[in-house]
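Visitor: Mind looking over this structure? Questions follow.
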Amino acid sequence: MWFPAWSLGRPDAPAEGAVLVVDTKAGVVACSGVDSDVGPGMPRRQAEALCPDATVLIRDIGEEARRFEPVVCQVEELIPRVEVIEPGKLLIPVTGAVKYYGGEPEVVELLQGKMTAAGHDVRLGLADGPFAAEWAARIAEPGTPLVIEDTRRFLSTLDVGTLSGHDDIVSVFRWLGVTTLGSLADLPREAIASRFGAEGLDVHRLAHGQDRVVGPRPIPPELAVEATYEDPLESLDQLAFAAKATAARLMVGLHREGMSPFRVTTELEAADGTVRSRVWRSMSPFSESALADRVWWQARAWVDTGVIPGGVVRIRLDPSDLSGAGRQLGMFEDVMSQVEAERAFARAQAIVGPEAVLQAQPQGGRLPTEQVDWRQWGEPESKPERSTDDPWPGATPSPAPALIPPRPTRFEVEWEGGIPTRVRLGTRWEPVTTWAGPWRLTGRWWRDEESVDRYQIVTSAGAFLCTVGSDGTFLAGIYD
Amino acid sequence: MTDRWDLSTRLIEPAPDLLVAQPGRIVELAGMAGMGLTRIGYRMLSEASRRSPMAVVDVRGWASPAAAWEAGIDRDNLVIVRCAESSTWGQLVAALCEGVPTVYAEVPSAVRDRDLRRLAALIRARQVRVVLRPLRGELPGGIAHLRIRAVGVVWEGAEVGHGRLTHRRLVLEASGKGAAGMVRQIEVEDAGEDAVHVVSGVVSRASGRAG
């Protein structure tokens, strides 16, 4: 069950005009009233360029989860054991419901009717397995559920790009001329295993409509974790920390056993004894941060909607699907050290804020500041805005400065006839021993960028990269 | 500009263990920005970073991951943590040392000696590879196992408006227990690649007793 416009239903979204809901990394998540060229998945800047008048809203998944909670409850009134993938996307196991209500058409009509009556724009897809069902829902027309009789045949028409999360392997398939899941399924399984390994086998199974193999792996009961609190947790901040700590405990225990969960039941107990539980599922094994996020979204949704009165006295996380590939460790990767490091970075985020714990990847650019694409720790790596494969003529040559000021910093340089003679370092003047440059950097005039000259200036106290423009000399980096 | 240290005829050889950070043994890098110590610190931790996560505590917000990558730090394992507040610095580094096996940290000048000593005890207990880079002055005695001070740096490649910076040679002074209690001078060559080479014949020269 997919609610394509769920992100647009937030209270601060304007009722009229073009709206873009964007994720800081994933680009456009949902849009309305925009040009047909704009759609989910498009980079934010591209979408903004195509729709300059659109109101841009940053996605708040916690708020979406809070609004989604009543919808999940409505579905659960009809069919129990609903699994939430994310706000706006539900998996509903219908085997029992089909017998109870008398058939698949009856089930989907019931669900469609209930959601339509509640005023939701919903797409329903029914198929064997989560992957096929998700794509059936995505393809379904509004108000017309799509029931897939032959899952393998349905999947064979899909593009290999539907295998999200396997971008590298998909690009190889395309290069090999394998463009649909049908052509992928036709390839011999042994050949796929030998060429692409475990990941290849996973996508080959998906193409066959077998989805992930759910093996009956025993789950030791002690792997479920529970945290109880004498004083009820009432504030959202307290809940956030409790969710993170409980998720960390669960993942440590699972990693010891060499497992990772695909499905986790979150159970919260209120001070008055009310117990609420919800199952969250992920198409790939949960990481610690991903699980903590889901526990936090769920807790926030329940607290904000008032179904957990008086605060939370108990949190329990129960992993209920540990089969399949799980988390594949590298040959030299130490499980415990990896988990401990993740916990340490999570604590660092709590101390200095998530925006201060960063990872980076190289990207194209001419100045050192442009050549790094930052992201918060825990966020998935996304494609950089500027490709490093492009030539970038005029890029500052390596070695890269080890220190780069985050903001333009004035740099006092004395010039004689266009030649730098000395620079000011703190309170003293240091003579320039040699220098390289200038290298002209032509600014983009349509963005009011001026052209600057870059110099590498060497003194006996070190080397510096600076830019010289009409408004003075600025430090661009220190070769430390 | 290379006449201050006559380097041209010396052989170079791979860096000795002195320039590889050891678990539980704090390395201090003392010297002003521009003397090449940041990249030396990264190189001392680069091998460990290929096996496990590494944190860089960036007090000024100036740390560039590009230089770390060039120095051999594994890109996927590198996490930069920005911390401008001296008051939370100790808590942050302690939290990182509890779980991250490799840490490079700039040390703000306002951190108290007492906090540094407690942190040093934690680092020894957790066997973390740590390189500390005080932003001003030096660390109090008894904290660093090895203190490396920058004496001089000579850049090559740039010549009065021509060429570009290509490589450099640094003169470092090592002292402390990690240098066997002696003050030793090392000359290293850094060509911007994943290696540091020591100029042969200079590495073991003892220049006096450690203070």
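Residue numbering restarts at 1 in every chain; chains get A, B, ... in the order shown in the structure tokens, and ligands count up from 1 in that same order.
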What residues in region 79-204 of chain B get the DSSP label strand (DSSP E)? Please answer as number ranges by chain.
Guide: B: 79-82, 102-107, 129-134, 146-159, 162-175, 182-190, 197-199
Visitor: Residues of chain B within 7 Å of chain A, counting only C-alpha atoms - could you list those as an MDAnalysis selection string?
Guide: chainID B and resid 33:39 51 53 61:67 78:83 92 95:96 98:100 153 158:164 166 192
Visitor: May I have the residues within 12 Å of region 92-98 of chain A as a PyMOL selection string, using only C-alpha atoms and disregarding those fewer than 4 positions away in the same chain?
Guide: chain A and resi 1-2+72+75-85+102-111+124-130+133-134+279-281
Visitor: If you count only C-alpha atoms, which residues fall within 10 Å of Ser109 (chain B), apart from same-chain ones fewer than 2 positions away, as JSON, numbers by chain?
Guide: {"B": [86, 106, 107, 111, 112, 134, 135, 136, 137, 138, 139]}
Visitor: May I have all residues of region 72-201 of chain B that DSSP, computed from the backbone, assigns to helix (DSSP H, G or I), given as a list in words?
Guide: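 Result set for region 72-201 of chain B (helix (DSSP H, G or I)): Ser86, Ser87, Thr88, Trp89, Gly90, Gln91, Leu92, Val93, Ala94, Ala95, Leu96, Cys97, Asp113, Arg114, Asp115, Leu116, Arg117, Arg118, Leu119, Ala120, Ala121, Leu122, Ile123, Arg124, Ala125, Arg126, Lys177, Gly178 and Ala179 of chain B.
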Visitor: Convert the current residue selection to file output with N, CA and C atoms, as a PDB file, in the first residue's frame.
Guide:
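What landed in out-v2.pdb:
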ATOM      1  N   SER B  86      35.481  24.496  23.551  1.00  0.00           N
ATOM      2  CA  SER B  86      36.503  23.880  24.400  1.00  0.00           C
ATOM      3  C   SER B  86      35.878  23.093  25.540  1.00  0.00           C
ATOM      4  N   SER B  87      34.695  23.545  25.972  1.00  0.00           N
ATOM      5  CA  SER B  87      34.077  22.918  27.136  1.00  0.00           C
ATOM      6  C   SER B  87      33.636  21.486  26.849  1.00  0.00           C
ATOM      7  N   THR B  88      33.287  21.199  25.609  1.00  0.00           N
ATOM      8  CA  THR B  88      32.832  19.843  25.281  1.00  0.00           C
ATOM      9  C   THR B  88      33.918  19.006  24.624  1.00  0.00           C
ATOM     10  N   TRP B  89      35.078  19.613  24.393  1.00  0.00           N
ATOM     11  CA  TRP B  89      36.130  18.905  23.666  1.00  0.00           C
ATOM     12  C   TRP B  89      36.539  17.612  24.384  1.00  0.00           C
ATOM     13  N   GLY B  90      36.790  17.718  25.688  1.00  0.00           N
ATOM     14  CA  GLY B  90      37.238  16.549  26.434  1.00  0.00           C
ATOM     15  C   GLY B  90      36.213  15.435  26.418  1.00  0.00           C
ATOM     16  N   GLN B  91      34.961  15.804  26.595  1.00  0.00           N
ATOM     17  CA  GLN B  91      33.881  14.817  26.592  1.00  0.00           C
ATOM     18  C   GLN B  91      33.782  14.141  25.223  1.00  0.00           C
ATOM     19  N   LEU B  92      33.939  14.949  24.193  1.00  0.00           N
ATOM     20  CA  LEU B  92      33.838  14.407  22.834  1.00  0.00           C
ATOM     21  C   LEU B  92      34.974  13.427  22.543  1.00  0.00           C
ATOM     22  N   VAL B  93      36.199  13.848  22.831  1.00  0.00           N
ATOM     23  CA  VAL B  93      37.339  12.980  22.517  1.00  0.00           C
ATOM     24  C   VAL B  93      37.270  11.708  23.362  1.00  0.00           C
ATOM     25  N   ALA B  94      36.834  11.839  24.596  1.00  0.00           N
ATOM     26  CA  ALA B  94      36.698  10.651  25.442  1.00  0.00           C
ATOM     27  C   ALA B  94      35.655   9.701  24.856  1.00  0.00           C
ATOM     28  N   ALA B  95      34.532  10.251  24.396  1.00  0.00           N
ATOM     29  CA  ALA B  95      33.484   9.409  23.792  1.00  0.00           C
ATOM     30  C   ALA B  95      34.016   8.704  22.556  1.00  0.00           C
ATOM     31  N   LEU B  96      34.799   9.410  21.763  1.00  0.00           N
ATOM     32  CA  LEU B  96      35.352   8.789  20.557  1.00  0.00           C
ATOM     33  C   LEU B  96      36.356   7.699  20.916  1.00  0.00           C
ATOM     34  N   CYS B  97      37.191   7.993  21.928  1.00  0.00           N
ATOM     35  CA  CYS B  97      38.216   7.012  22.305  1.00  0.00           C
ATOM     36  C   CYS B  97      37.597   5.738  22.899  1.00  0.00           C
ATOM     37  N   ASP B 113      44.695  21.056  31.975  1.00  0.00           N
ATOM     38  CA  ASP B 113      45.676  19.970  32.094  1.00  0.00           C
ATOM     39  C   ASP B 113      45.037  18.735  32.718  1.00  0.00           C
ATOM     40  N   ARG B 114      44.194  18.968  33.715  1.00  0.00           N
ATOM     41  CA  ARG B 114      43.564  17.858  34.420  1.00  0.00           C
ATOM     42  C   ARG B 114      42.748  16.996  33.445  1.00  0.00           C
ATOM     43  N   ASP B 115      42.028  17.663  32.564  1.00  0.00           N
ATOM     44  CA  ASP B 115      41.219  16.921  31.589  1.00  0.00           C
ATOM     45  C   ASP B 115      42.104  16.151  30.615  1.00  0.00           C
ATOM     46  N   LEU B 116      43.203  16.770  30.240  1.00  0.00           N
ATOM     47  CA  LEU B 116      44.116  16.103  29.318  1.00  0.00           C
ATOM     48  C   LEU B 116      44.712  14.843  29.948  1.00  0.00           C
ATOM     49  N   ARG B 117      45.039  14.928  31.234  1.00  0.00           N
ATOM     50  CA  ARG B 117      45.637  13.758  31.901  1.00  0.00           C
ATOM     51  C   ARG B 117      44.610  12.632  32.032  1.00  0.00           C
ATOM     52  N   ARG B 118      43.379  12.995  32.344  1.00  0.00           N
ATOM     53  CA  ARG B 118      42.343  11.949  32.429  1.00  0.00           C
ATOM     54  C   ARG B 118      42.115  11.316  31.057  1.00  0.00           C
ATOM     55  N   LEU B 119      42.158  12.155  30.058  1.00  0.00           N
ATOM     56  CA  LEU B 119      41.983  11.642  28.691  1.00  0.00           C
ATOM     57  C   LEU B 119      43.146  10.711  28.308  1.00  0.00           C
ATOM     58  N   ALA B 120      44.346  11.101  28.709  1.00  0.00           N
ATOM     59  CA  ALA B 120      45.514  10.270  28.398  1.00  0.00           C
ATOM     60  C   ALA B 120      45.389   8.904  29.062  1.00  0.00           C
ATOM     61  N   ALA B 121      44.882   8.896  30.293  1.00  0.00           N
ATOM     62  CA  ALA B 121      44.698   7.616  30.986  1.00  0.00           C
ATOM     63  C   ALA B 121      43.688   6.750  30.249  1.00  0.00           C
ATOM     64  N   LEU B 122      42.629   7.362  29.768  1.00  0.00           N
ATOM     65  CA  LEU B 122      41.624   6.617  29.014  1.00  0.00           C
ATOM     66  C   LEU B 122      42.218   6.058  27.713  1.00  0.00           C
ATOM     67  N   ILE B 123      43.003   6.879  27.051  1.00  0.00           N
ATOM     68  CA  ILE B 123      43.607   6.446  25.781  1.00  0.00           C
ATOM     69  C   ILE B 123      44.527   5.253  26.018  1.00  0.00           C
ATOM     70  N   ARG B 124      45.286   5.307  27.096  1.00  0.00           N
ATOM     71  CA  ARG B 124      46.181   4.172  27.404  1.00  0.00           C
ATOM     72  C   ARG B 124      45.364   2.925  27.749  1.00  0.00           C
ATOM     73  N   ALA B 125      44.295   3.137  28.510  1.00  0.00           N
ATOM     74  CA  ALA B 125      43.485   1.981  28.908  1.00  0.00           C
ATOM     75  C   ALA B 125      42.783   1.344  27.708  1.00  0.00           C
ATOM     76  N   ARG B 126      42.317   2.173  26.791  1.00  0.00           N
ATOM     77  CA  ARG B 126      41.573   1.655  25.631  1.00  0.00           C
ATOM     78  C   ARG B 126      42.489   1.287  24.466  1.00  0.00           C
ATOM     79  N   LYS B 177      59.537   9.447  25.429  1.00  0.00           N
ATOM     80  CA  LYS B 177      59.838   8.023  25.582  1.00  0.00           C
ATOM     81  C   LYS B 177      59.887   7.312  24.225  1.00  0.00           C
ATOM     82  N   GLY B 178      59.012   7.742  23.330  1.00  0.00           N
ATOM     83  CA  GLY B 178      58.957   7.120  22.015  1.00  0.00           C
ATOM     84  C   GLY B 178      60.232   7.316  21.218  1.00  0.00           C
ATOM     85  N   ALA B 179      61.044   8.297  21.600  1.00  0.00           N
ATOM     86  CA  ALA B 179      62.326   8.531  20.920  1.00  0.00           C
ATOM     87  C   ALA B 179      63.468   8.081  21.831  1.00  0.00           C
TER      88      ALA B 179
END
Visitor: Which distance in Å separates CA of Asp237 (chain A) and CA of Phe262 (chain A), to one decimal?
Guide: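 Interatomic distance here is 26.4 Å.
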Visitor: With distances taken over only C-alpha atoms, which of A:Gly39, A:Pro4, A:Pro52, A:Gly378 is nearest to Arg138 (chain A)?
Guide: A:Pro4
Visitor: For a test of reading the model, state the distance in Å between CA of Ala290 (chain A) and CA of Arg10 (chain A), rounded to one decimal.
Guide: 22.6 Å
Visitor: Write out as a short mmCIF file (atom, residue, chain, number, x, y, z; two decimals) with all heavy atoms, in the first residue's frame the residues lying within 10 Å of Leu18 (chain B), counting only C-alpha atoms and excluding same-chain residues fewer than 6 positions away.
Guide:
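Final output, saved to result.cif:
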data_model
loop_
_atom_site.label_atom_id
_atom_site.label_comp_id
_atom_site.auth_asym_id
_atom_site.auth_seq_id
_atom_site.Cartn_x
_atom_site.Cartn_y
_atom_site.Cartn_z
N VAL B 27 50.82 10.55 20.53
CA VAL B 27 51.81 11.31 19.78
C VAL B 27 51.36 12.77 19.79
O VAL B 27 50.20 13.07 19.52
CB VAL B 27 51.93 10.81 18.33
CG1 VAL B 27 52.92 11.66 17.56
CG2 VAL B 27 52.33 9.35 18.30
N MET B 44 50.81 9.08 10.01
CA MET B 44 51.09 8.20 11.14
C MET B 44 49.91 7.27 11.44
O MET B 44 50.07 6.22 12.04
CB MET B 44 51.43 9.03 12.38
CG MET B 44 52.71 9.84 12.22
SD MET B 44 53.07 10.85 13.64
CE MET B 44 53.90 9.67 14.67
N LEU B 146 55.35 10.36 22.56
CA LEU B 146 56.28 10.86 21.56
C LEU B 146 55.86 12.28 21.18
O LEU B 146 54.69 12.50 20.85
CB LEU B 146 56.25 9.96 20.32
CG LEU B 146 57.06 10.42 19.10
CD1 LEU B 146 58.55 10.38 19.41
CD2 LEU B 146 56.74 9.58 17.89
N ILE B 148 56.57 15.29 18.56
CA ILE B 148 57.23 15.64 17.30
C ILE B 148 57.03 17.13 17.07
O ILE B 148 55.89 17.61 17.03
CB ILE B 148 56.67 14.81 16.12
CG1 ILE B 148 57.11 13.36 16.30
CG2 ILE B 148 57.17 15.35 14.80
CD1 ILE B 148 56.65 12.42 15.24
N ALA B 174 62.10 14.78 17.25
CA ALA B 174 61.32 13.83 18.04
C ALA B 174 61.91 13.73 19.44
O ALA B 174 63.14 13.69 19.60
CB ALA B 174 61.34 12.46 17.37
N GLY B 178 59.01 7.74 23.33
CA GLY B 178 58.96 7.12 22.02
C GLY B 178 60.23 7.32 21.22
O GLY B 178 60.48 6.60 20.25
N ALA B 179 61.04 8.30 21.60
CA ALA B 179 62.33 8.53 20.92
C ALA B 179 63.47 8.08 21.83
O ALA B 179 64.58 8.62 21.75
CB ALA B 179 62.46 10.00 20.56
N ILE B 186 64.83 14.23 12.53
CA ILE B 186 64.50 13.39 11.38
C ILE B 186 64.21 14.32 10.21
O ILE B 186 63.52 15.33 10.38
CB ILE B 186 63.23 12.56 11.63
CG1 ILE B 186 63.26 11.90 12.99
CG2 ILE B 186 63.03 11.53 10.55
CD1 ILE B 186 61.93 11.31 13.36
N VAL B 203 68.22 10.06 10.45
CA VAL B 203 67.15 9.63 11.31
C VAL B 203 67.59 9.38 12.75
O VAL B 203 66.88 9.71 13.69
CB VAL B 203 66.47 8.39 10.72
CG1 VAL B 203 67.43 7.24 10.60
CG2 VAL B 203 65.28 7.97 11.56
#
